[in-house]
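Undergrad: File protein-v6.cif below, mmCIF, C-alpha atoms:
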data_structure
#
loop_
_atom_site.label_atom_id
_atom_site.label_comp_id
_atom_site.auth_asym_id
_atom_site.auth_seq_id
_atom_site.Cartn_x
_atom_site.Cartn_y
_atom_site.Cartn_z
CA MET A 1 17.16 10.60 19.72
CA ASP A 2 17.27 13.11 16.90
CA ARG A 3 14.67 15.82 17.50
CA PHE A 4 13.40 15.59 13.94
CA LEU A 5 12.96 11.81 14.20
CA PHE A 6 11.15 12.19 17.52
CA TRP A 7 8.77 14.71 15.97
CA ARG A 8 8.04 12.38 13.11
CA ARG A 9 7.47 9.43 15.42
CA TYR A 10 5.24 11.53 17.63
CA LYS A 11 3.27 12.60 14.60
CA ILE A 12 2.63 9.00 13.51
CA SER A 13 1.50 7.97 16.99
CA GLY A 14 -0.60 11.14 17.18
CA TYR A 15 -2.47 10.16 14.04
CA LEU A 16 -2.92 6.61 15.33
CA ILE A 17 -4.31 7.89 18.65
CA ALA A 18 -6.67 10.22 16.77
CA LEU A 19 -7.86 7.29 14.69
CA PHE A 20 -8.40 5.21 17.83
CA ILE A 21 -10.55 7.99 19.33
CA PHE A 22 -12.50 8.21 16.08
CA TRP A 23 -12.98 4.43 16.19
CA LEU A 24 -14.36 4.71 19.76
CA VAL A 25 -16.90 7.29 18.59
CA TYR A 26 -17.71 5.15 15.53
CA THR A 27 -18.11 2.07 17.73
CA GLY A 28 -20.33 4.02 20.13
CA PHE A 29 -22.66 5.11 17.34
CA SER A 30 -22.59 1.65 15.84
CA VAL A 31 -23.46 -0.15 19.09
CA MET A 32 -26.17 2.36 20.03
CA ALA A 33 -27.90 1.95 16.67
CA PRO A 34 -31.02 -0.22 16.71
CA VAL A 35 -30.42 -3.83 15.68
CA SER A 36 -31.10 -3.90 11.98
CA GLN A 37 -33.77 -6.03 10.43
CA THR A 38 -30.98 -7.75 8.56
CA LEU A 39 -29.67 -9.15 11.84
CA ALA A 40 -33.20 -9.87 13.00
CA ARG A 41 -33.52 -12.00 9.89
CA TYR A 42 -30.98 -14.38 11.43
CA GLY A 43 -32.96 -14.54 14.68
CA VAL A 44 -30.35 -12.48 16.54
CA THR A 45 -31.27 -10.66 19.77
CA THR A 46 -30.06 -7.14 20.61
CA ALA A 47 -27.37 -8.47 22.97
CA GLN A 48 -26.18 -11.00 20.39
CA GLY A 49 -26.28 -8.30 17.73
CA ASN A 50 -24.02 -6.08 19.79
CA LEU A 51 -21.64 -8.98 20.39
CA ILE A 52 -21.45 -9.63 16.66
CA ARG A 53 -20.83 -5.93 16.02
CA ALA A 54 -18.01 -5.98 18.56
CA THR A 55 -16.38 -9.00 16.91
CA VAL A 56 -16.38 -7.14 13.60
CA LEU A 57 -15.53 -3.72 15.01
CA VAL A 58 -12.41 -4.86 16.91
CA PRO A 59 -10.76 -6.47 13.85
CA SER A 60 -11.84 -3.36 11.90
CA LEU A 61 -9.79 -1.24 14.28
CA ILE A 62 -6.77 -3.45 13.60
CA ILE A 63 -7.10 -3.04 9.85
CA TRP A 64 -7.73 0.73 10.17
CA LEU A 65 -4.60 1.12 12.29
CA ALA A 66 -2.53 -1.14 10.01
CA SER A 67 -3.70 0.80 6.96
CA LEU A 68 -3.06 4.24 8.49
CA PHE A 69 0.32 3.06 9.75
CA ALA A 70 1.25 1.95 6.22
CA VAL A 71 0.04 5.26 4.73
CA LEU A 72 2.04 7.30 7.26
CA ARG A 73 5.13 5.17 6.74
CA PHE A 74 4.82 5.76 3.01
CA TYR A 75 4.41 9.50 3.42
CA LYS A 76 7.40 9.52 5.75
CA TYR A 77 9.51 7.64 3.21
CA THR A 78 8.28 9.96 0.44
CA SER A 79 9.43 12.96 2.47
CA PHE A 80 13.03 11.73 2.08
CA LEU A 81 12.73 11.59 -1.71
CA ARG A 82 12.03 15.25 -2.45
CA GLY A 83 13.70 16.22 -5.68
CA SER A 84 14.64 12.64 -6.62
CA ALA A 85 13.40 10.70 -9.63
CA GLU A 86 11.26 8.38 -7.47
CA GLY A 87 9.86 11.22 -5.33
CA THR A 88 6.80 12.00 -7.49
CA ALA A 89 6.16 8.30 -8.03
CA PHE A 90 6.08 7.50 -4.31
CA LYS A 91 3.97 10.59 -3.66
CA LYS A 92 1.29 9.24 -6.00
CA ILE A 93 1.53 5.76 -4.49
CA SER A 94 1.15 7.27 -1.01
CA PHE A 95 -1.93 9.20 -2.16
CA GLY A 96 -3.39 6.01 -3.66
CA LEU A 97 -2.89 4.25 -0.33
CA LEU A 98 -4.51 7.17 1.49
CA MET A 99 -7.57 6.77 -0.75
CA LEU A 100 -7.71 3.03 0.06
CA PHE A 101 -7.48 3.88 3.77
CA LEU A 102 -10.35 6.38 3.46
CA ASN A 103 -12.32 3.75 1.58
CA LEU A 104 -12.05 1.50 4.64
CA ILE A 105 -13.66 4.18 6.81
CA ILE A 106 -15.98 6.54 4.91
CA PRO A 107 -18.43 3.96 3.44
CA GLY A 108 -18.74 2.43 6.94
CA VAL A 109 -19.52 5.82 8.43
CA ILE A 110 -22.14 6.44 5.72
CA ASN A 111 -23.63 3.05 6.54
CA ILE A 112 -24.08 3.95 10.20
CA VAL A 113 -26.48 6.74 9.20
CA ALA A 114 -28.67 4.12 7.52
CA SER A 115 -28.69 1.96 10.65
CA TYR A 116 -30.41 4.79 12.57
CA TYR A 117 -33.29 4.85 10.09
CA PRO A 118 -34.10 1.17 9.57
CA ASP A 119 -37.72 1.93 8.61
CA SER A 120 -37.07 4.69 6.07
CA LEU A 121 -36.90 3.36 2.54
CA VAL A 122 -35.81 6.75 1.15
CA ILE A 123 -32.81 6.92 3.52
CA GLN A 124 -31.87 3.27 2.95
CA LYS A 125 -31.99 3.82 -0.81
CA THR A 126 -30.01 7.07 -0.67
CA ILE A 127 -27.37 5.53 1.57
CA VAL A 128 -26.91 2.44 -0.60
CA ILE A 129 -26.53 4.52 -3.75
CA LEU A 130 -24.25 7.05 -2.08
CA ARG A 131 -22.08 4.37 -0.45
CA ASN A 132 -21.67 2.52 -3.76
CA TYR A 133 -20.58 5.65 -5.61
CA VAL A 134 -18.31 6.88 -2.82
CA SER A 135 -16.60 3.49 -2.73
CA LEU A 136 -16.22 3.49 -6.52
CA VAL A 137 -14.69 6.97 -6.51
CA PHE A 138 -12.23 6.02 -3.75
CA TYR A 139 -11.23 2.78 -5.50
CA PHE A 140 -10.79 4.46 -8.86
CA THR A 141 -8.77 7.35 -7.43
CA ALA A 142 -6.64 4.89 -5.43
CA PHE A 143 -5.92 2.53 -8.33
CA TRP A 144 -5.35 5.41 -10.77
CA ASN A 145 -2.75 6.96 -8.48
CA LEU A 146 -1.11 3.58 -7.83
CA TYR A 147 -0.97 3.05 -11.59
CA GLN A 148 0.46 6.50 -12.29
CA GLY A 149 2.97 6.21 -9.44
CA SER A 150 4.12 2.76 -10.53
CA THR A 151 4.44 3.93 -14.15
CA LEU A 152 6.66 6.82 -13.02
CA LEU A 153 8.66 4.41 -10.87
CA ASN A 154 9.36 2.18 -13.88
CA LYS A 155 10.56 5.18 -15.87
CA THR A 156 13.38 5.64 -13.35
CA ILE A 157 14.96 2.27 -14.25
CA GLU A 158 15.54 0.09 -17.28
CA THR A 159 12.79 -2.54 -17.31
CA ASP A 160 12.65 -5.85 -19.09
CA ASN A 161 9.92 -5.52 -21.74
CA LYS A 162 9.60 -9.31 -21.99
CA PHE A 163 7.89 -9.49 -18.60
CA ARG A 164 5.56 -6.62 -19.49
CA THR A 165 4.53 -8.25 -22.78
CA VAL A 166 3.75 -11.56 -21.10
CA GLY A 167 2.11 -9.73 -18.20
CA LEU A 168 -0.12 -7.67 -20.49
CA LYS A 169 -1.30 -10.82 -22.28
CA ALA A 170 -2.08 -12.43 -18.91
CA LEU A 171 -3.91 -9.27 -17.83
CA VAL A 172 -6.08 -9.29 -20.97
CA ILE A 173 -7.05 -12.94 -20.31
CA PHE A 174 -7.67 -12.15 -16.63
CA MET A 175 -9.84 -9.14 -17.49
CA VAL A 176 -11.91 -11.14 -20.02
CA GLY A 177 -12.54 -13.76 -17.32
CA LEU A 178 -13.23 -11.13 -14.67
CA THR A 179 -15.60 -9.18 -16.95
CA SER A 180 -17.58 -12.33 -17.76
CA ALA A 181 -17.77 -13.34 -14.09
CA TYR A 182 -18.71 -9.82 -13.01
CA VAL A 183 -21.41 -9.26 -15.62
CA TRP A 184 -22.80 -12.73 -14.87
CA ALA A 185 -22.79 -12.03 -11.11
CA VAL A 186 -24.47 -8.63 -11.52
CA PHE A 187 -27.25 -9.85 -13.78
CA HIS A 188 -27.85 -13.05 -11.83
CA ASN A 189 -28.18 -10.98 -8.69
CA SER A 190 -31.93 -10.84 -8.23
CA HIS A 191 -31.45 -8.28 -5.46
CA ARG A 192 -29.65 -5.75 -7.65
CA THR A 193 -32.49 -3.25 -8.12
CA ILE A 194 -35.24 -4.20 -5.74
CA THR A 195 -36.12 -6.96 -3.26
CA GLU A 196 -39.41 -8.20 -1.84
CA ASN A 197 -38.73 -6.30 1.38
CA PRO A 198 -35.95 -3.73 0.80
CA LEU A 199 -35.82 -2.96 4.53
CA LEU A 200 -35.03 -6.60 5.31
CA VAL A 201 -32.77 -7.45 2.36
CA ARG A 202 -31.24 -4.28 0.95
CA PRO A 203 -30.88 -4.24 -2.84
CA THR A 204 -27.25 -4.09 -3.95
CA TYR A 205 -27.64 -0.94 -6.06
CA PHE A 206 -31.21 0.40 -5.92
CA LEU A 207 -30.61 1.41 -9.59
CA GLU A 208 -32.13 0.58 -12.96
CA ASP A 209 -30.14 -1.87 -15.12
CA TRP A 210 -28.93 0.76 -17.58
CA LEU A 211 -27.62 2.89 -14.73
CA ILE A 212 -25.93 -0.15 -13.17
CA VAL A 213 -24.13 -0.83 -16.46
CA LEU A 214 -23.14 2.77 -17.16
CA THR A 215 -22.25 3.99 -13.68
CA ILE A 216 -21.18 0.84 -11.84
CA VAL A 217 -20.16 -2.04 -14.14
CA ILE A 218 -18.15 -0.09 -16.73
CA PRO A 219 -16.39 2.17 -14.18
CA TYR A 220 -15.48 -0.87 -12.06
CA LEU A 221 -14.10 -2.72 -15.08
CA ILE A 222 -11.98 0.33 -15.91
CA THR A 223 -10.88 0.57 -12.25
CA TRP A 224 -9.86 -3.10 -12.14
CA THR A 225 -7.95 -2.80 -15.43
CA VAL A 226 -6.07 0.17 -13.99
CA GLY A 227 -5.44 -1.88 -10.80
CA GLY A 228 -4.14 -4.78 -12.91
CA LEU A 229 -1.80 -2.45 -14.79
CA ALA A 230 -0.56 -1.09 -11.46
CA ILE A 231 0.20 -4.67 -10.32
CA LEU A 232 2.14 -5.29 -13.54
CA ASN A 233 4.14 -2.11 -13.09
CA ILE A 234 4.95 -2.81 -9.45
CA ARG A 235 5.99 -6.41 -10.15
CA SER A 236 8.05 -5.25 -13.12
CA PHE A 237 9.84 -2.63 -10.99
CA ALA A 238 10.45 -5.14 -8.19
CA MET A 239 12.05 -7.55 -10.66
CA ASP A 240 14.23 -5.06 -12.49
CA VAL A 241 15.23 -2.46 -9.92
CA PRO A 242 18.97 -2.68 -9.16
CA GLY A 243 20.24 -3.19 -5.62
CA LYS A 244 19.83 -6.50 -3.81
CA ILE A 245 19.20 -4.89 -0.40
CA TYR A 246 16.78 -2.32 -1.85
CA ARG A 247 14.98 -5.05 -3.82
CA ARG A 248 14.43 -7.14 -0.67
CA SER A 249 12.84 -4.17 1.07
CA PHE A 250 10.76 -3.29 -1.98
CA ASN A 251 9.52 -6.90 -2.21
CA ASN A 252 7.57 -6.36 1.02
CA ILE A 253 5.92 -3.39 -0.63
CA THR A 254 5.20 -5.49 -3.71
CA TYR A 255 3.53 -8.27 -1.69
CA GLY A 256 1.57 -5.73 0.35
CA LEU A 257 0.34 -3.80 -2.68
CA LEU A 258 -0.51 -6.97 -4.62
CA THR A 259 -2.53 -8.31 -1.68
CA ILE A 260 -4.38 -5.04 -1.19
CA ILE A 261 -5.17 -4.47 -4.88
CA LEU A 262 -6.25 -8.08 -5.49
CA LEU A 263 -8.30 -8.16 -2.30
CA GLY A 264 -9.86 -4.82 -3.26
CA ILE A 265 -10.93 -6.31 -6.59
CA GLY A 266 -12.11 -9.51 -4.84
CA LEU A 267 -14.14 -7.54 -2.29
CA GLN A 268 -15.89 -5.54 -4.96
CA LEU A 269 -16.69 -8.75 -6.83
CA LEU A 270 -18.01 -10.36 -3.62
CA THR A 271 -20.45 -7.52 -3.01
CA GLN A 272 -22.01 -8.36 -6.35
CA ALA A 273 -22.64 -11.91 -5.23
CA ALA A 274 -25.30 -10.75 -2.79
CA THR A 275 -27.65 -13.52 -3.87
CA VAL A 276 -25.20 -16.18 -2.76
CA PHE A 277 -24.82 -14.68 0.71
CA ALA A 278 -28.47 -13.76 1.22
CA ASP A 279 -29.16 -17.38 2.18
CA SER A 280 -25.86 -18.08 3.96
CA SER A 281 -25.64 -18.58 7.69
CA LEU A 282 -24.30 -15.79 9.85
CA LYS A 283 -21.30 -17.96 10.77
CA VAL A 284 -20.24 -18.26 7.13
CA ILE A 285 -20.56 -14.52 6.55
CA LEU A 286 -18.63 -13.65 9.72
CA LEU A 287 -15.92 -16.18 8.87
CA LEU A 288 -15.53 -14.62 5.46
CA VAL A 289 -15.39 -11.12 6.97
CA TYR A 290 -12.70 -12.17 9.49
CA LEU A 291 -10.67 -13.88 6.77
CA ILE A 292 -10.75 -10.81 4.53
CA ILE A 293 -9.85 -8.51 7.44
CA LEU A 294 -6.95 -10.78 8.42
CA ILE A 295 -5.47 -10.96 4.91
CA MET A 296 -5.97 -7.24 4.35
CA ALA A 297 -4.28 -6.36 7.65
CA ALA A 298 -1.36 -8.63 6.68
CA GLY A 299 -1.11 -6.80 3.33
CA TYR A 300 -0.99 -3.42 5.04
CA LEU A 301 1.57 -4.61 7.58
CA TYR A 302 3.79 -5.92 4.78
CA LEU A 303 3.48 -2.53 3.14
CA ALA A 304 4.36 -0.71 6.36
CA ARG A 305 7.35 -3.02 6.89
CA GLY A 306 8.66 -2.41 3.38
CA ALA A 307 8.23 1.36 3.75
CA ARG A 308 10.03 1.25 7.11
CA GLN A 309 12.95 -0.67 5.60
CA LEU A 310 13.24 1.80 2.73
CA THR A 311 13.05 4.66 5.23
CA ASP A 312 15.87 3.05 7.22
CA ILE A 313 18.09 3.28 4.12
CA GLU A 314 17.39 7.02 3.97
CA GLU A 315 18.00 7.60 7.66
CA ILE A 316 21.44 6.01 8.00
CA MET B 1 36.79 5.13 -15.49
CA GLY B 2 34.93 7.89 -13.59
CA SER B 3 35.93 9.68 -10.40
CA TYR B 4 36.21 7.80 -7.10
CA TYR B 5 32.80 9.13 -6.16
CA GLU B 6 31.18 7.90 -9.38
CA GLN B 7 32.79 4.47 -9.05
CA ILE B 8 31.55 4.13 -5.48
CA ILE B 9 28.03 5.13 -6.55
CA VAL B 10 28.09 2.45 -9.27
CA ILE B 11 29.15 -0.21 -6.74
CA THR B 12 26.68 0.89 -4.06
CA THR B 13 23.84 0.91 -6.62
CA ASP B 14 24.28 -2.87 -6.88
CA TYR B 15 23.16 -3.07 -3.24
CA LEU B 16 20.96 -0.05 -2.62
CA GLY B 17 19.54 0.60 -6.08
CA PRO B 18 17.94 4.04 -6.49
CA ALA B 19 18.77 4.93 -2.88
CA ALA B 20 22.53 4.50 -3.41
CA LYS B 21 23.44 8.06 -4.37
CA ARG B 22 21.55 9.61 -1.46
CA PHE B 23 23.07 7.04 0.92
CA VAL B 24 26.65 7.64 -0.22
CA ASP B 25 26.19 11.42 -0.24
CA ARG B 26 25.00 11.32 3.37
CA GLN B 27 27.94 9.19 4.49
CA ILE B 28 30.39 11.59 2.84
CA GLU B 29 28.74 14.76 4.13
CA ARG B 30 28.00 13.55 7.68
CA HIS B 31 31.02 11.43 8.45
CA LEU B 32 33.77 12.82 6.25
CA GLN B 33 32.43 16.39 6.50
CA LYS B 34 33.03 16.87 2.78
CA GLN B 35 31.13 17.46 -0.41
CA PRO B 36 30.85 14.32 -2.59
CA ASP B 37 32.82 15.96 -5.41
CA ASP B 38 35.75 16.54 -3.04
CA LEU B 39 36.19 12.85 -2.28
CA GLN B 40 39.82 11.75 -2.47
CA ARG B 41 41.55 8.38 -2.55
CA SER B 42 42.65 8.80 1.07
CA ASP B 43 38.94 9.03 2.10
CA ILE B 44 37.94 5.74 0.51
CA GLN B 45 38.90 3.46 3.40
CA SER B 46 36.96 5.54 5.96
CA LEU B 47 34.03 5.77 3.60
CA ALA B 48 34.08 2.02 2.95
CA ILE B 49 33.98 1.38 6.71
CA ARG B 50 31.06 3.81 7.10
CA ILE B 51 29.18 2.19 4.24
CA ARG B 52 29.83 -1.28 5.70
CA SER B 53 28.45 -0.18 9.08
CA GLY B 54 25.41 1.33 7.39
CA LEU B 55 24.71 -1.74 5.31
CA LEU B 56 25.05 -4.02 8.35
CA VAL B 57 22.23 -2.08 10.01
CA LEU B 58 20.06 -2.64 6.95
CA THR B 59 20.66 -6.32 6.33
CA HIS B 60 21.85 -9.51 7.99
CA ASP B 61 23.38 -10.59 4.69
CA GLU B 62 27.01 -10.23 5.80
CA VAL B 63 28.31 -11.85 2.60
CA SER B 64 26.84 -9.06 0.47
CA VAL B 65 28.03 -6.40 2.91
CA GLU B 66 31.61 -7.72 2.92
CA GLU B 67 31.50 -8.01 -0.86
CA ALA B 68 30.41 -4.35 -1.11
CA PHE B 69 33.14 -3.34 1.34
CA ARG B 70 35.88 -5.13 -0.64
CA ARG B 71 34.68 -3.65 -3.92
CA ILE B 72 34.68 -0.11 -2.52
CA ILE B 73 38.13 -0.57 -1.00
CA SER B 74 39.41 -1.82 -4.33
CA VAL B 75 38.42 1.51 -5.95
CA GLY B 76 41.22 3.09 -3.91
CA ASP B 77 43.62 0.22 -4.52
CA LEU B 78 43.16 0.26 -8.30
CA ALA B 79 43.75 3.97 -8.40
CA MET B 80 47.01 3.75 -6.42
CA GLU B 81 50.29 4.62 -7.98
CA PRO B 82 52.32 1.50 -8.98
CA ASN B 83 54.95 2.13 -6.29
CA SER B 84 52.64 2.98 -3.45
CA GLN B 85 51.72 0.50 -0.68
CA PRO B 86 48.19 -0.91 -0.57
CA SER B 87 46.11 0.41 2.31
CA VAL B 88 45.81 -1.84 5.35
CA ILE B 89 42.25 -2.89 6.14
CA SER B 90 41.65 -3.43 9.81
#
Just dump the structure as structure tokens.
TA:
Amino acid sequence: MDRFLFWRRYKISGYLIALFIFWLVYTGFSVMAPVSQTLARYGVTTAQGNLIRATVLVPSLIIWLASLFAVLRFYKYTSFLRGSAEGTAFKKISFGLLMLFLNLIIPGVINIVASYYPDSLVIQKTIVILRNYVSLVFYFTAFWNLYQGSTLLNKTIETDNKFRTVGLKALVIFMVGLTSAYVWAVFHNSHRTITENPLLVRPTYFLEDWLIVLTIVIPYLITWTVGGLAILNIRSFAMDVPGKIYRRSFNNITYGLLTIILLGIGLQLLTQAATVFADSSLKVILLLVYLIILIMAAGYLYLARGARQLTDIEEI
Amino acid sequence: MGSYYEQIIVITTDYLGPAAKRFVDRQIERHLQKQPDDLQRSDIQSLAIRIRSGLLVLTHDEVSVEEAFRRIISVGDLAMEPNSQPSVIS
């Protein structure tokens, strides 16, 4: 095997092993944390609580690995494009994916801190606010870079403006619907600022309404619009890029990115529907979590597959 | 009509899109040990075979690969002198 290829392969597996070790540490801290009052609310014992954590933590590892694998594959592919017209575009897309990967991990790590102080309202409040803003920053940075990268990508080819015009109209309708649903969900969420027992049912934001609107609702609407524009760009590029073999490989990237962006938007919307899930059974919540993890992992694997196929073209 | 190299890039772009130029350049530099601008008609058959092998690694769509191969070969054929014999494709 080519020495350079071996080095690159080693590097990818090195990162994956490092992530696995990090996950072991994360899991250790997570399992050692006292069972939260939230779990106690469902009448769950410590042993059952740990079992539930394990069933969420193991699929989490899969999605972390799938996501990191996709990011590394993208960076590897980007390394072949130095100096080419698509090079800068793929660099931005890779960075956007890196931000999405970090968003899978960092808010979870922040959350663990809260689980060690279940009786401190100040820490719970700080962690909720911090986690919300960290997640928002990661999502915005990710979608912004995906949008910029996909715009640059479209500039490298001749695109059919008909699709973009129709797509933009559809996006406007989608955003009007999404805005209405989001604003409705936020302001019908009775747990948005405070709850009867914030240590048992954590408020979604711990913020006053005006701060929720200015620093959460509006930034998220902007983020989703940017995400929608990125989807349009990527779909437009996938349709118009020449090369039937290249297009087939890029289609995997398209499906992966579409799944991840749409699921990202869906996940953010779901977190606003806290009221709905506050009364749901643990089984329903876990089922939903598994389903999201499964679809997200599939999205990342599609992405990794597409990046590998494009890399193959550059390696032959 | 452009040079052989340009014509081959145009054909390969129909299959490999934006990656075509880099792909063809690599085949010429690695396997023909030449610079792309130095490509001659006599190199086209070897290059077409290299490109066919490369494409077969990338896709199972043999119809498209054979189509690409024939089109690249024809670049050499079209450029031949009227009295010269067409190259034999093994």
Undergrad: Taking all atoms listed in the file into account and nothing else, which residues of chain B lie no more than 7 Å away from chain A? Please answer as a ChimeraX atom specification.
TA: /B:13-17,23,54,58
Undergrad: Take the PyMOL selection byres ((chain A and resi 100) around 9), run it mentally on this structure, and tell me the resulting residues as a list in words.
TA: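 When the PyMOL selection byres ((chain A and resi 100) around 9) is applied, the selected residues are Ser67, Phe95, Gly96, Leu97, Leu98, Met99, Phe101, Leu102, Asn103, Leu104, Phe138, Tyr139, Thr141, Ala142, Phe143, Ile260 and Gly264 of chain A.
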Undergrad: With the PyMOL selection byres ((chain B and resi 69-73) around 9) as the selection, what would be picked from this file? Answer as an MDAnalysis selection string, please.
TA: chainID B and resid 7:8 11:12 44:45 47:49 51:52 64:68 74:78 87 89
Undergrad: Please identify all polymer residues within 8 Å of range 286-296 of chain A, counting only C-alpha atoms, omitting same-chain residues fewer than 5 positions from it, and present them as a PDB file with C-alpha atoms, keeping the file's coordinate frame.
TA:
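File written: result_34.pdb
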ATOM      1  CA  VAL A  56     -16.380  -7.140  13.600  1.00  0.00           C
ATOM      2  CA  PRO A  59     -10.760  -6.470  13.850  1.00  0.00           C
ATOM      3  CA  SER A  60     -11.840  -3.360  11.900  1.00  0.00           C
ATOM      4  CA  ILE A  63      -7.100  -3.040   9.850  1.00  0.00           C
ATOM      5  CA  THR A 259      -2.530  -8.310  -1.680  1.00  0.00           C
ATOM      6  CA  ILE A 260      -4.380  -5.040  -1.190  1.00  0.00           C
ATOM      7  CA  LEU A 263      -8.300  -8.160  -2.300  1.00  0.00           C
TER       8      LEU A 263
END
Undergrad: One decimal, in Å: what's the spacing between CA of Phe206 in chain A and CA of Val109 in chain A?
TA: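 Distance between the two atoms: 19.3 Å.
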Undergrad: Using only C-alpha atoms, which protein or nucleic acid residues come within 12 Å of Leu168 in chain A? Drop anything in the same chain fewer than 6 positions from it, and give the result as an MDAnalysis selection string.
TA: chainID A and resid 161:162 174:175 225:226 228:233 236
Undergrad: Pick from B:Ala20, B:Leu32, B:Val10, B:Val63: nearest to Ser46 in chain B, with all atoms listed in the file counted?
TA: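 Once distances to Ser46 in chain B are computed over all atoms listed in the file, the minimum belongs to B:Leu32.
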Undergrad: Have a look at CA of Trp224 in chain A and CA of Phe140 in chain A and let me know their distance in Å, one decimal.
TA: 8.3 Å
Undergrad: Evaluating the PyMOL selection byres ((chain A and resi 214-220) around 9) on the displayed file yields which residues, as a count of residues only?
TA: 22
Undergrad: Please list as a ChimeraX atom specification every residue within 12 Å of Gly87 in chain A, counting only C-alpha atoms and excluding residues in the same chain fewer than 2 positions away.
TA: /A:74-85,89-94,149-150,152-153,156 /B:18-19
Undergrad: Got a sec: who's within 12 Å of range 26-32 of chain A, counting only C-alpha atoms, leaving out chain neighbours fewer than 4 positions off, as an mmCIF file with C-alpha atoms, keeping the file's coordinate frame?
TA:
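Saved to result-v7.cif:
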data_model
loop_
_atom_site.group_PDB
_atom_site.id
_atom_site.type_symbol
_atom_site.label_atom_id
_atom_site.label_comp_id
_atom_site.auth_asym_id
_atom_site.auth_seq_id
_atom_site.Cartn_x
_atom_site.Cartn_y
_atom_site.Cartn_z
ATOM 1 C CA LEU A 19 -7.860 7.290 14.690
ATOM 2 C CA PHE A 20 -8.400 5.210 17.830
ATOM 3 C CA ILE A 21 -10.550 7.990 19.330
ATOM 4 C CA PHE A 22 -12.500 8.210 16.080
ATOM 5 C CA SER A 36 -31.100 -3.900 11.980
ATOM 6 C CA THR A 46 -30.060 -7.140 20.610
ATOM 7 C CA ALA A 47 -27.370 -8.470 22.970
ATOM 8 C CA GLN A 48 -26.180 -11.000 20.390
ATOM 9 C CA GLY A 49 -26.280 -8.300 17.730
ATOM 10 C CA ASN A 50 -24.020 -6.080 19.790
ATOM 11 C CA LEU A 51 -21.640 -8.980 20.390
ATOM 12 C CA ILE A 52 -21.450 -9.630 16.660
ATOM 13 C CA ARG A 53 -20.830 -5.930 16.020
ATOM 14 C CA ALA A 54 -18.010 -5.980 18.560
ATOM 15 C CA THR A 55 -16.380 -9.000 16.910
ATOM 16 C CA VAL A 56 -16.380 -7.140 13.600
ATOM 17 C CA LEU A 57 -15.530 -3.720 15.010
ATOM 18 C CA VAL A 58 -12.410 -4.860 16.910
ATOM 19 C CA PRO A 59 -10.760 -6.470 13.850
ATOM 20 C CA SER A 60 -11.840 -3.360 11.900
ATOM 21 C CA LEU A 61 -9.790 -1.240 14.280
ATOM 22 C CA ILE A 105 -13.660 4.180 6.810
ATOM 23 C CA ILE A 106 -15.980 6.540 4.910
ATOM 24 C CA GLY A 108 -18.740 2.430 6.940
ATOM 25 C CA VAL A 109 -19.520 5.820 8.430
ATOM 26 C CA ILE A 110 -22.140 6.440 5.720
ATOM 27 C CA ASN A 111 -23.630 3.050 6.540
ATOM 28 C CA ILE A 112 -24.080 3.950 10.200
ATOM 29 C CA VAL A 113 -26.480 6.740 9.200
ATOM 30 C CA ALA A 114 -28.670 4.120 7.520
ATOM 31 C CA SER A 115 -28.690 1.960 10.650
ATOM 32 C CA TYR A 116 -30.410 4.790 12.570
#
Undergrad: Determine, counting only C-alpha atoms, which protein, DNA and RNA residues have an atom within 10 Å of an atom of Pro36 in chain B; residues of the same chain fewer than 6 positions away are not included. Present the result as a list in words.
TA: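 What passes the distance filter is Tyr4, Tyr5, Glu6, Lys21, Val24, Asp25, Arg26, Gln27, Ile28 and Glu29 of chain B.
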Undergrad: How far is it from CA of Val71 in chain A to CA of Asn154 in chain A, in Å with one decimal?
TA: 21.0 Å
Undergrad: Would you mind telling me which residue in A:Ile62, A:Ile17, A:Ile253, A:Ile261 lies nearest to Tyr147 in chain A when using all atoms listed in the file?
TA: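 Closest residue, counting all atoms listed in the file: A:Ile261.
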Undergrad: N, CA, C and O atoms are needed for range 53-58 of chain B; please write them out as a short mmCIF file (atom, residue, chain, number, x, y, z; two decimals), in the frame of the given file.
TA:
data_model
loop_
_atom_site.label_atom_id
_atom_site.label_comp_id
_atom_site.auth_asym_id
_atom_site.auth_seq_id
_atom_site.Cartn_x
_atom_site.Cartn_y
_atom_site.Cartn_z
N SER B 53 29.25 -0.30 7.85
CA SER B 53 28.45 -0.18 9.08
C SER B 53 26.99 0.08 8.74
O SER B 53 26.09 -0.51 9.33
N GLY B 54 26.77 0.98 7.78
CA GLY B 54 25.41 1.33 7.39
C GLY B 54 24.67 0.12 6.82
O GLY B 54 23.53 -0.15 7.19
N LEU B 55 25.36 -0.59 5.95
CA LEU B 55 24.71 -1.74 5.31
C LEU B 55 24.39 -2.84 6.33
O LEU B 55 23.37 -3.52 6.23
N LEU B 56 25.29 -2.99 7.33
CA LEU B 56 25.05 -4.02 8.35
C LEU B 56 23.81 -3.71 9.19
O LEU B 56 23.17 -4.62 9.71
N VAL B 57 23.46 -2.44 9.31
CA VAL B 57 22.23 -2.08 10.01
C VAL B 57 21.01 -2.48 9.17
O VAL B 57 19.97 -2.86 9.69
N LEU B 58 21.19 -2.40 7.85
CA LEU B 58 20.06 -2.64 6.95
C LEU B 58 19.80 -4.10 6.64
O LEU B 58 18.70 -4.48 6.28
#
